[in-house]
$ cat query-v3.txt   # compact mmCIF, C-alpha atoms
# COMPACT_ATOMS: atom_id res chain seq x y z
CA MET A 1335 13.94 2.32 14.09
CA ARG A 1336 14.42 1.61 10.39
CA VAL A 1337 11.55 2.63 8.16
CA ARG A 1338 10.16 -0.31 6.22
CA VAL A 1339 9.74 -0.19 2.44
CA LYS A 1340 6.89 -1.53 0.31
CA ILE A 1341 7.39 -1.69 -3.46
CA CYS A 1342 4.00 -1.53 -5.15
CA CYS A 1343 2.63 -2.26 -8.63
CA ILE A 1344 4.75 -5.41 -8.98
CA SER A 1345 3.82 -6.91 -12.34
CA SER A 1346 5.87 -10.11 -12.66
CA VAL A 1347 7.80 -12.76 -10.78
CA SER A 1348 10.99 -11.12 -12.00
CA GLU A 1349 10.02 -7.72 -10.55
CA ALA A 1350 9.08 -9.34 -7.25
CA LEU A 1351 12.43 -11.09 -6.99
CA THR A 1352 14.25 -7.84 -7.84
CA ALA A 1353 12.39 -6.01 -5.07
CA VAL A 1354 13.14 -8.79 -2.60
CA ARG A 1355 16.81 -8.91 -3.60
CA HIS A 1356 17.22 -5.22 -2.87
CA GLY A 1357 15.68 -5.40 0.58
CA ALA A 1358 11.98 -4.66 0.19
CA ASP A 1359 9.94 -5.54 3.25
CA ALA A 1360 6.73 -5.95 1.26
CA ILE A 1361 5.41 -5.90 -2.28
CA GLY A 1362 2.10 -4.62 -3.60
CA LEU A 1363 0.05 -6.59 -6.13
CA VAL A 1364 -2.73 -4.59 -7.76
CA GLY A 1365 -6.05 -6.22 -8.53
CA GLU A 1366 -8.72 -4.79 -10.82
CA MET A 1367 -9.12 -1.02 -10.31
CA PRO A 1368 -11.34 1.70 -11.80
CA SER A 1369 -8.19 3.67 -12.70
CA GLY A 1370 -4.46 3.84 -12.07
CA PRO A 1371 -1.39 1.76 -12.98
CA GLY A 1372 -0.36 -1.78 -12.37
CA PRO A 1373 -3.41 -4.09 -12.29
CA ILE A 1374 -2.59 -7.73 -12.98
CA PRO A 1375 -4.75 -10.88 -13.11
CA ASP A 1376 -5.60 -12.63 -9.86
CA SER A 1377 -3.85 -15.78 -11.12
CA LEU A 1378 -0.58 -13.86 -11.48
CA ILE A 1379 -1.02 -12.25 -8.06
CA SER A 1380 -1.35 -15.75 -6.58
CA GLU A 1381 1.73 -16.97 -8.46
CA ILE A 1382 3.86 -14.06 -7.27
CA ALA A 1383 2.60 -14.33 -3.69
CA GLY A 1384 3.60 -17.98 -3.73
CA ILE A 1385 7.29 -17.29 -4.50
CA VAL A 1386 7.89 -14.43 -2.06
CA PRO A 1387 9.71 -15.77 1.00
CA PRO A 1388 8.29 -15.25 4.48
CA PRO A 1389 8.20 -13.03 6.47
CA LEU A 1390 7.84 -10.47 3.67
CA GLY A 1391 4.43 -8.90 3.16
CA THR A 1392 2.44 -9.67 0.04
CA PHE A 1393 -0.24 -7.00 -0.27
CA LEU A 1394 -3.34 -7.56 -2.39
CA LEU A 1395 -4.68 -4.16 -3.46
CA THR A 1396 -8.40 -4.65 -3.80
CA SER A 1397 -11.11 -2.20 -4.84
CA GLU A 1398 -13.82 -4.46 -3.46
CA THR A 1399 -15.85 -2.72 -0.76
CA SER A 1400 -17.82 -5.68 0.58
CA ALA A 1401 -16.23 -7.78 3.33
CA ALA A 1402 -17.55 -10.95 1.67
CA GLU A 1403 -16.09 -10.01 -1.72
CA ILE A 1404 -12.76 -9.07 -0.16
CA VAL A 1405 -12.59 -12.53 1.41
CA LYS A 1406 -13.28 -14.09 -2.00
CA HIS A 1407 -10.56 -11.93 -3.57
CA LEU A 1408 -8.06 -12.99 -0.90
CA ARG A 1409 -8.90 -16.65 -1.40
CA ARG A 1410 -8.22 -16.29 -5.13
CA THR A 1411 -4.84 -14.66 -4.59
CA ASN A 1412 -3.43 -16.12 -1.34
CA THR A 1413 -1.64 -12.99 -0.15
CA ASN A 1414 -0.87 -12.47 3.52
CA THR A 1415 -2.12 -8.86 3.60
CA VAL A 1416 -5.03 -6.99 2.06
CA GLN A 1417 -4.81 -3.30 1.18
CA ILE A 1418 -8.36 -1.99 0.93
CA VAL A 1419 -8.18 1.05 -1.34
CA ASP A 1420 -11.75 2.27 -0.79
CA LEU A 1421 -13.99 2.36 2.26
CA LEU A 1422 -16.07 -0.65 3.21
CA SER A 1423 -19.67 -0.33 2.08
CA ASP A 1424 -20.89 -3.67 3.37
CA GLY A 1425 -19.72 -5.80 6.27
CA SER A 1426 -16.85 -5.12 8.64
CA TYR A 1427 -13.15 -5.68 9.18
CA SER A 1428 -13.96 -8.19 11.91
CA GLN A 1429 -15.91 -10.30 9.42
CA ILE A 1430 -12.79 -10.55 7.25
CA LYS A 1431 -10.69 -11.46 10.29
CA ASP A 1432 -13.20 -14.08 11.44
CA VAL A 1433 -12.80 -15.95 8.15
CA LEU A 1434 -9.09 -15.25 7.51
CA PRO A 1435 -7.54 -14.54 10.93
CA SER A 1436 -3.94 -14.63 9.72
CA VAL A 1437 -4.44 -11.96 7.04
CA LYS A 1438 -3.39 -8.42 7.96
CA ILE A 1439 -5.78 -5.60 7.04
CA VAL A 1440 -4.40 -2.29 5.76
CA GLN A 1441 -6.93 0.47 5.09
CA VAL A 1442 -6.03 3.18 2.58
CA ILE A 1443 -6.84 6.75 3.53
CA HIS A 1444 -6.76 9.24 0.67
CA VAL A 1445 -5.44 12.36 2.37
CA ILE A 1446 -7.47 15.33 1.16
CA ASP A 1447 -8.35 17.54 4.12
CA ALA A 1448 -8.94 17.60 7.88
CA GLY A 1449 -11.80 15.17 7.44
CA SER A 1450 -9.28 12.60 6.22
CA VAL A 1451 -7.43 12.95 9.53
CA ASP A 1452 -10.60 12.33 11.55
CA LEU A 1453 -11.51 9.32 9.42
CA ALA A 1454 -8.02 7.84 9.69
CA VAL A 1455 -7.83 8.17 13.44
CA ARG A 1456 -11.25 6.56 13.83
CA LEU A 1457 -10.48 3.61 11.55
CA SER A 1458 -7.03 3.09 13.05
CA GLU A 1459 -8.66 1.36 16.00
CA SER A 1460 -10.03 -1.42 13.77
CA VAL A 1461 -7.23 -2.32 11.32
CA ASP A 1462 -3.63 -3.53 11.42
CA ALA A 1463 -2.25 -0.49 9.59
CA LEU A 1464 -3.24 2.60 7.62
CA LEU A 1465 -1.77 3.57 4.25
CA LEU A 1466 -1.89 7.27 3.43
CA ASP A 1467 -2.20 7.95 -0.29
CA SER A 1468 -3.07 10.78 -2.69
CA GLY A 1469 -6.13 9.53 -4.53
CA ASN A 1470 -9.64 10.91 -4.63
CA PRO A 1471 -12.49 8.41 -4.15
CA TYR A 1472 -15.08 11.15 -4.67
CA LEU A 1473 -14.47 11.62 -8.40
CA LYS A 1474 -16.86 10.16 -11.00
CA ILE A 1475 -14.08 7.71 -11.91
CA LYS A 1476 -12.48 7.05 -8.57
CA GLU A 1477 -8.76 7.59 -8.06
CA LEU A 1478 -7.76 4.87 -5.60
CA GLY A 1479 -3.95 5.07 -5.80
CA GLY A 1480 -1.03 5.19 -8.17
CA THR A 1481 -1.49 8.90 -8.93
CA GLY A 1482 2.17 9.83 -8.51
CA ARG A 1483 1.05 12.93 -6.60
CA ILE A 1484 2.25 14.14 -3.21
CA HIS A 1485 -0.40 15.09 -0.67
CA ASP A 1486 -0.09 17.39 2.34
CA TRP A 1487 2.45 15.69 4.60
CA LYS A 1488 1.39 17.91 7.50
CA LEU A 1489 -1.97 16.14 7.48
CA SER A 1490 -0.17 12.80 7.26
CA ARG A 1491 1.91 13.71 10.30
CA GLN A 1492 -1.28 14.50 12.23
CA ILE A 1493 -2.60 11.06 11.34
CA ARG A 1494 0.67 9.41 12.28
CA ASP A 1495 0.76 11.18 15.65
CA ASN A 1496 -2.80 10.15 16.55
CA SER A 1497 -3.15 6.76 14.89
CA LYS A 1498 -3.68 3.67 17.02
CA CYS A 1499 -1.85 1.51 14.46
CA PRO A 1500 1.24 1.75 12.22
CA VAL A 1501 1.13 4.15 9.26
CA PHE A 1502 2.46 3.63 5.73
CA LEU A 1503 3.13 6.75 3.65
CA ALA A 1504 2.49 6.65 -0.10
CA GLY A 1505 1.80 9.17 -2.84
CA GLY A 1506 4.40 10.62 -5.18
CA LEU A 1507 7.43 9.29 -3.34
CA THR A 1508 10.72 9.13 -5.27
CA PRO A 1509 14.40 8.59 -4.49
CA ASP A 1510 14.71 12.39 -4.37
CA ASN A 1511 12.01 13.13 -1.79
CA VAL A 1512 11.69 9.99 0.34
CA LYS A 1513 14.22 11.15 2.93
CA GLN A 1514 12.36 14.43 3.45
CA ALA A 1515 9.03 12.57 3.60
CA ILE A 1516 10.34 10.29 6.33
CA GLU A 1517 11.72 13.23 8.30
CA GLU A 1518 8.42 15.13 8.12
CA VAL A 1519 5.94 12.29 8.69
CA ARG A 1520 7.94 9.64 10.61
CA PRO A 1521 5.90 6.75 9.19
CA PHE A 1522 6.32 3.10 10.03
CA ALA A 1523 6.83 2.40 6.31
CA VAL A 1524 6.98 4.08 2.91
CA ASP A 1525 5.29 2.81 -0.24
CA VAL A 1526 6.42 3.54 -3.80
CA CYS A 1527 5.13 2.67 -7.27
CA SER A 1528 5.88 5.05 -10.16
CA GLY A 1529 8.83 6.63 -8.34
CA VAL A 1530 11.00 3.57 -8.99
CA ARG A 1531 9.83 2.91 -12.55
CA THR A 1532 10.96 3.99 -16.01
CA ASP A 1533 8.51 3.62 -18.91
CA GLY A 1534 6.35 1.50 -16.62
CA ALA A 1535 9.04 -1.04 -15.74
CA LEU A 1536 10.75 -1.44 -12.38
CA ASP A 1537 14.05 0.45 -12.64
CA GLU A 1538 16.76 -1.25 -10.60
CA ASN A 1539 18.89 1.89 -10.29
CA LYS A 1540 15.95 3.96 -9.03
CA LEU A 1541 15.01 1.14 -6.66
CA ILE A 1542 18.52 1.02 -5.19
CA ALA A 1543 18.53 4.81 -4.77
CA PHE A 1544 15.12 4.72 -3.09
CA MET A 1545 16.20 2.01 -0.67
CA LYS A 1546 19.40 3.92 0.13
CA ASN A 1547 17.68 7.26 0.66
CA SER A 1548 15.00 5.69 2.86
CA GLY A 1549 17.74 4.34 5.12
CA SER A 1550 17.18 0.72 4.17
CA LEU A 1551 20.60 0.09 2.60
$ encode --input "query-v3.txt" --output "structure tokens"
Amino acid sequence: MRVRVKICCISSVSEALTAVRHGADAIGLVGEMPSGPGPIPDSLISEIAGIVPPPLGTFLLTSETSAAEIVKHLRRTNTNTVQIVDLLSDGSYSQIKDVLPSVKIVQVIHVIDAGSVDLAVRLSESVDALLLDSGNPYLKIKELGGTGRIHDWKLSRQIRDNSKCPVFLAGGLTPDNVKQAIEEVRPFAVDVCSGVRTDGALDENKLIAFMKNSGSL
């Protein structure tokens, strides 16, 4: 089965249309974050989400940790998917679903050690997908994505093999390593941000190479 591709850190309508034109299955739209690249205003997220044709995924990356605040963020941006980059501190996934039943919930797991595997497998029973990234939510200033670092793919493969839901693989992926990453982890989808950018801008040549090497072209 073809591995899906999500292009993250989309910063404009033009970038979104470029990603769509080259076969992206989903785009990531970054809301306010404590650190990392790519945050854009909620009004722009809503505008971009509104021009992306169905059935492509429009992912709101939110650092909110309250179910109620996540619902508010989704209502401001009108995406069809929410990527929760930190763990919920208040409320539950079911509370989000009760209010917005059509929205898909993707929980980010920052793959650090064996504890990350246990956490991922447990949460996989409650969400629509997991996204495995290379941040560190335990730092004083949390890293919640966009680090450009690779994590231990062996741990990611353990998660993939035991997860009750589809798994997205992120973290330091590039046109040069995405094929190997897919072979080692066998994810449902791969997710890339800095690996297809030059000086912060979406690089069409890198994007084409990434799509080709992931088997999507």
$ residues_around --input "query-v3.txt" --residues "Leu1489 of chain A" --least-positions-apart "3" --cutoff "10 Å" --atoms "all atoms listed in the file" --output "number ranges by chain"
A: 1445-1451, 1466, 1485-1486, 1492-1495, 1519
$ residues_around --input "query-v3.txt" --residues "segment 1413-1420 of chain A" --least-positions-apart "6" --cutoff "8 Å" --atoms "all atoms listed in the file" --output "PyMOL selection string"
chain A and resi 1379-1380+1383+1391-1399+1436-1443+1471+1478-1479
$ closest_residue --input "query-v3.txt" --among "A:Ser1428, A:Glu1381, A:Glu1518, A:Thr1508" --to "Thr1532 of chain A" --atoms "only C-alpha atoms"
A:Thr1508
$ closest_residue --input "query-v3.txt" --among "A:Gly1505, A:Pro1521, A:Gly1469, A:Pro1368" --to "Arg1491 of chain A" --atoms "all atoms listed in the file"
A:Pro1521
$ closest_residue --input "query-v3.txt" --among "A:Ser1548, A:Val1364, A:Gly1506, A:Lys1498" --to "Arg1520 of chain A" --atoms "all atoms listed in the file"
A:Ser1548
$ atom_distance --input "query-v3.txt" --atom1 "atom CA of Arg1456 of chain A" --atom2 "atom CA of Cys1499 of chain A"
10.7 Å
$ axis_aligned_box --input "query-v3.txt" --around "segment 1430-1446 of chain A" --padding-each-side "6 Å" --output "JSON"
{"center_x": -8.3, "center_y": -0.3, "center_z": 6.1, "size_x": 21.8, "size_y": 43.3, "size_z": 22.8}
$ residues_around --input "query-v3.txt" --residues "Val1524 of chain A" --least-positions-apart "4" --cutoff "10 Å" --atoms "all atoms listed in the file" --output "JSON, numbers by chain"
{"A": [1337, 1338, 1339, 1340, 1341, 1465, 1466, 1501, 1502, 1503, 1504, 1505, 1507, 1512, 1515, 1516, 1520, 1548]}
$ atom_distance --input "query-v3.txt" --atom1 "atom CA of Ile1385 of chain A" --atom2 "atom CA of Asp1359 of chain A"
14.3 Å
$ closest_residue --input "query-v3.txt" --among "A:Ala1353, A:Pro1500, A:Ser1345, A:Ala1402" --to "Ser1377 of chain A" --atoms "only C-alpha atoms"
A:Ser1345
$ closest_residue --input "query-v3.txt" --among "A:Thr1352, A:Asn1547, A:Gln1429, A:Asn1470" --to "Gln1514 of chain A" --atoms "only C-alpha atoms"
A:Asn1547
$ decode --input "query-v3.txt" --residues "segment 1473-1505 of chain A" --atoms "N, CA and C atoms" --output "PDB file, in the first residue's frame"
ATOM      1  N   LEU A1473      11.510  19.690  28.334  1.00  0.00           N
ATOM      2  CA  LEU A1473      12.440  20.806  28.483  1.00  0.00           C
ATOM      3  C   LEU A1473      11.735  22.024  29.074  1.00  0.00           C
ATOM      4  N   LYS A1474      12.518  22.968  29.610  1.00  0.00           N
ATOM      5  CA  LYS A1474      11.940  24.191  30.186  1.00  0.00           C
ATOM      6  C   LYS A1474      11.128  24.932  29.133  1.00  0.00           C
ATOM      7  N   ILE A1475      11.701  25.084  27.929  1.00  0.00           N
ATOM      8  CA  ILE A1475      10.944  25.568  26.770  1.00  0.00           C
ATOM      9  C   ILE A1475      10.676  24.345  25.907  1.00  0.00           C
ATOM     10  N   LYS A1476       9.448  23.921  25.877  1.00  0.00           N
ATOM     11  CA  LYS A1476       9.115  22.646  25.246  1.00  0.00           C
ATOM     12  C   LYS A1476       9.454  22.640  23.762  1.00  0.00           C
ATOM     13  N   GLU A1477      10.015  21.519  23.307  1.00  0.00           N
ATOM     14  CA  GLU A1477      10.153  21.243  21.879  1.00  0.00           C
ATOM     15  C   GLU A1477       8.984  20.354  21.484  1.00  0.00           C
ATOM     16  N   LEU A1478       8.106  20.883  20.633  1.00  0.00           N
ATOM     17  CA  LEU A1478       6.892  20.145  20.284  1.00  0.00           C
ATOM     18  C   LEU A1478       6.814  19.832  18.796  1.00  0.00           C
ATOM     19  N   GLY A1479       7.965  19.838  18.116  1.00  0.00           N
ATOM     20  CA  GLY A1479       8.006  19.499  16.698  1.00  0.00           C
ATOM     21  C   GLY A1479       8.898  20.440  15.928  1.00  0.00           C
ATOM     22  N   GLY A1480       9.134  20.092  14.674  1.00  0.00           N
ATOM     23  CA  GLY A1480       9.928  20.947  13.799  1.00  0.00           C
ATOM     24  C   GLY A1480      11.395  21.021  14.180  1.00  0.00           C
ATOM     25  N   THR A1481      11.923  19.974  14.839  1.00  0.00           N
ATOM     26  CA  THR A1481      13.320  20.011  15.265  1.00  0.00           C
ATOM     27  C   THR A1481      14.289  19.683  14.145  1.00  0.00           C
ATOM     28  N   GLY A1482      13.826  18.970  13.116  1.00  0.00           N
ATOM     29  CA  GLY A1482      14.720  18.527  12.064  1.00  0.00           C
ATOM     30  C   GLY A1482      15.613  17.372  12.474  1.00  0.00           C
ATOM     31  N   ARG A1483      15.345  16.787  13.651  1.00  0.00           N
ATOM     32  CA  ARG A1483      16.150  15.670  14.142  1.00  0.00           C
ATOM     33  C   ARG A1483      15.461  14.336  13.884  1.00  0.00           C
ATOM     34  N   ILE A1484      16.265  13.322  13.648  1.00  0.00           N
ATOM     35  CA  ILE A1484      15.783  11.947  13.549  1.00  0.00           C
ATOM     36  C   ILE A1484      15.764  11.351  14.952  1.00  0.00           C
ATOM     37  N   HIS A1485      14.747  10.564  15.252  1.00  0.00           N
ATOM     38  CA  HIS A1485      14.755   9.812  16.508  1.00  0.00           C
ATOM     39  C   HIS A1485      15.053   8.341  16.200  1.00  0.00           C
ATOM     40  N   ASP A1486      14.962   7.505  17.209  1.00  0.00           N
ATOM     41  CA  ASP A1486      15.287   6.086  17.062  1.00  0.00           C
ATOM     42  C   ASP A1486      14.154   5.371  16.329  1.00  0.00           C
ATOM     43  N   TRP A1487      14.383   5.030  15.071  1.00  0.00           N
ATOM     44  CA  TRP A1487      13.321   4.406  14.275  1.00  0.00           C
ATOM     45  C   TRP A1487      12.967   3.009  14.782  1.00  0.00           C
ATOM     46  N   LYS A1488      13.875   2.381  15.532  1.00  0.00           N
ATOM     47  CA  LYS A1488      13.539   1.072  16.104  1.00  0.00           C
ATOM     48  C   LYS A1488      12.386   1.211  17.106  1.00  0.00           C
ATOM     49  N   LEU A1489      12.409   2.288  17.883  1.00  0.00           N
ATOM     50  CA  LEU A1489      11.302   2.546  18.804  1.00  0.00           C
ATOM     51  C   LEU A1489      10.022   2.847  18.023  1.00  0.00           C
ATOM     52  N   SER A1490      10.169   3.596  16.942  1.00  0.00           N
ATOM     53  CA  SER A1490       9.001   3.902  16.106  1.00  0.00           C
ATOM     54  C   SER A1490       8.401   2.628  15.516  1.00  0.00           C
ATOM     55  N   ARG A1491       9.248   1.702  15.119  1.00  0.00           N
ATOM     56  CA  ARG A1491       8.742   0.446  14.563  1.00  0.00           C
ATOM     57  C   ARG A1491       7.995  -0.350  15.638  1.00  0.00           C
ATOM     58  N   GLN A1492       8.478  -0.320  16.865  1.00  0.00           N
ATOM     59  CA  GLN A1492       7.759  -0.982  17.952  1.00  0.00           C
ATOM     60  C   GLN A1492       6.368  -0.389  18.124  1.00  0.00           C
ATOM     61  N   ILE A1493       6.292   0.936  18.050  1.00  0.00           N
ATOM     62  CA  ILE A1493       4.993   1.596  18.162  1.00  0.00           C
ATOM     63  C   ILE A1493       4.103   1.188  16.998  1.00  0.00           C
ATOM     64  N   ARG A1494       4.658   1.247  15.810  1.00  0.00           N
ATOM     65  CA  ARG A1494       3.873   0.904  14.620  1.00  0.00           C
ATOM     66  C   ARG A1494       3.332  -0.516  14.716  1.00  0.00           C
ATOM     67  N   ASP A1495       4.154  -1.443  15.195  1.00  0.00           N
ATOM     68  CA  ASP A1495       3.745  -2.851  15.248  1.00  0.00           C
ATOM     69  C   ASP A1495       2.674  -3.117  16.300  1.00  0.00           C
ATOM     70  N   ASN A1496       2.575  -2.243  17.302  1.00  0.00           N
ATOM     71  CA  ASN A1496       1.637  -2.480  18.404  1.00  0.00           C
ATOM     72  C   ASN A1496       0.499  -1.471  18.481  1.00  0.00           C
ATOM     73  N   SER A1497       0.534  -0.461  17.625  1.00  0.00           N
ATOM     74  CA  SER A1497      -0.493   0.571  17.659  1.00  0.00           C
ATOM     75  C   SER A1497      -1.841   0.052  17.190  1.00  0.00           C
ATOM     76  N   LYS A1498      -2.894   0.571  17.796  1.00  0.00           N
ATOM     77  CA  LYS A1498      -4.261   0.215  17.397  1.00  0.00           C
ATOM     78  C   LYS A1498      -4.804   1.153  16.324  1.00  0.00           C
ATOM     79  N   CYS A1499      -3.981   2.110  15.895  1.00  0.00           N
ATOM     80  CA  CYS A1499      -4.416   3.071  14.875  1.00  0.00           C
ATOM     81  C   CYS A1499      -3.255   3.347  13.929  1.00  0.00           C
ATOM     82  N   PRO A1500      -3.504   4.012  12.794  1.00  0.00           N
ATOM     83  CA  PRO A1500      -2.424   4.319  11.852  1.00  0.00           C
ATOM     84  C   PRO A1500      -1.352   5.214  12.476  1.00  0.00           C
ATOM     85  N   VAL A1501      -0.123   5.095  11.957  1.00  0.00           N
ATOM     86  CA  VAL A1501       1.016   5.826  12.480  1.00  0.00           C
ATOM     87  C   VAL A1501       1.644   6.684  11.379  1.00  0.00           C
ATOM     88  N   PHE A1502       1.848   7.970  11.683  1.00  0.00           N
ATOM     89  CA  PHE A1502       2.603   8.890  10.841  1.00  0.00           C
ATOM     90  C   PHE A1502       4.018   8.975  11.410  1.00  0.00           C
ATOM     91  N   LEU A1503       5.012   9.008  10.546  1.00  0.00           N
ATOM     92  CA  LEU A1503       6.400   9.150  10.978  1.00  0.00           C
ATOM     93  C   LEU A1503       6.917  10.526  10.579  1.00  0.00           C
ATOM     94  N   ALA A1504       7.423  11.263  11.561  1.00  0.00           N
ATOM     95  CA  ALA A1504       8.011  12.585  11.338  1.00  0.00           C
ATOM     96  C   ALA A1504       9.382  12.620  11.998  1.00  0.00           C
ATOM     97  N   GLY A1505      10.049  13.772  11.882  1.00  0.00           N
ATOM     98  CA  GLY A1505      11.313  13.963  12.566  1.00  0.00           C
ATOM     99  C   GLY A1505      12.525  13.785  11.673  1.00  0.00           C
TER     100      GLY A1505
END
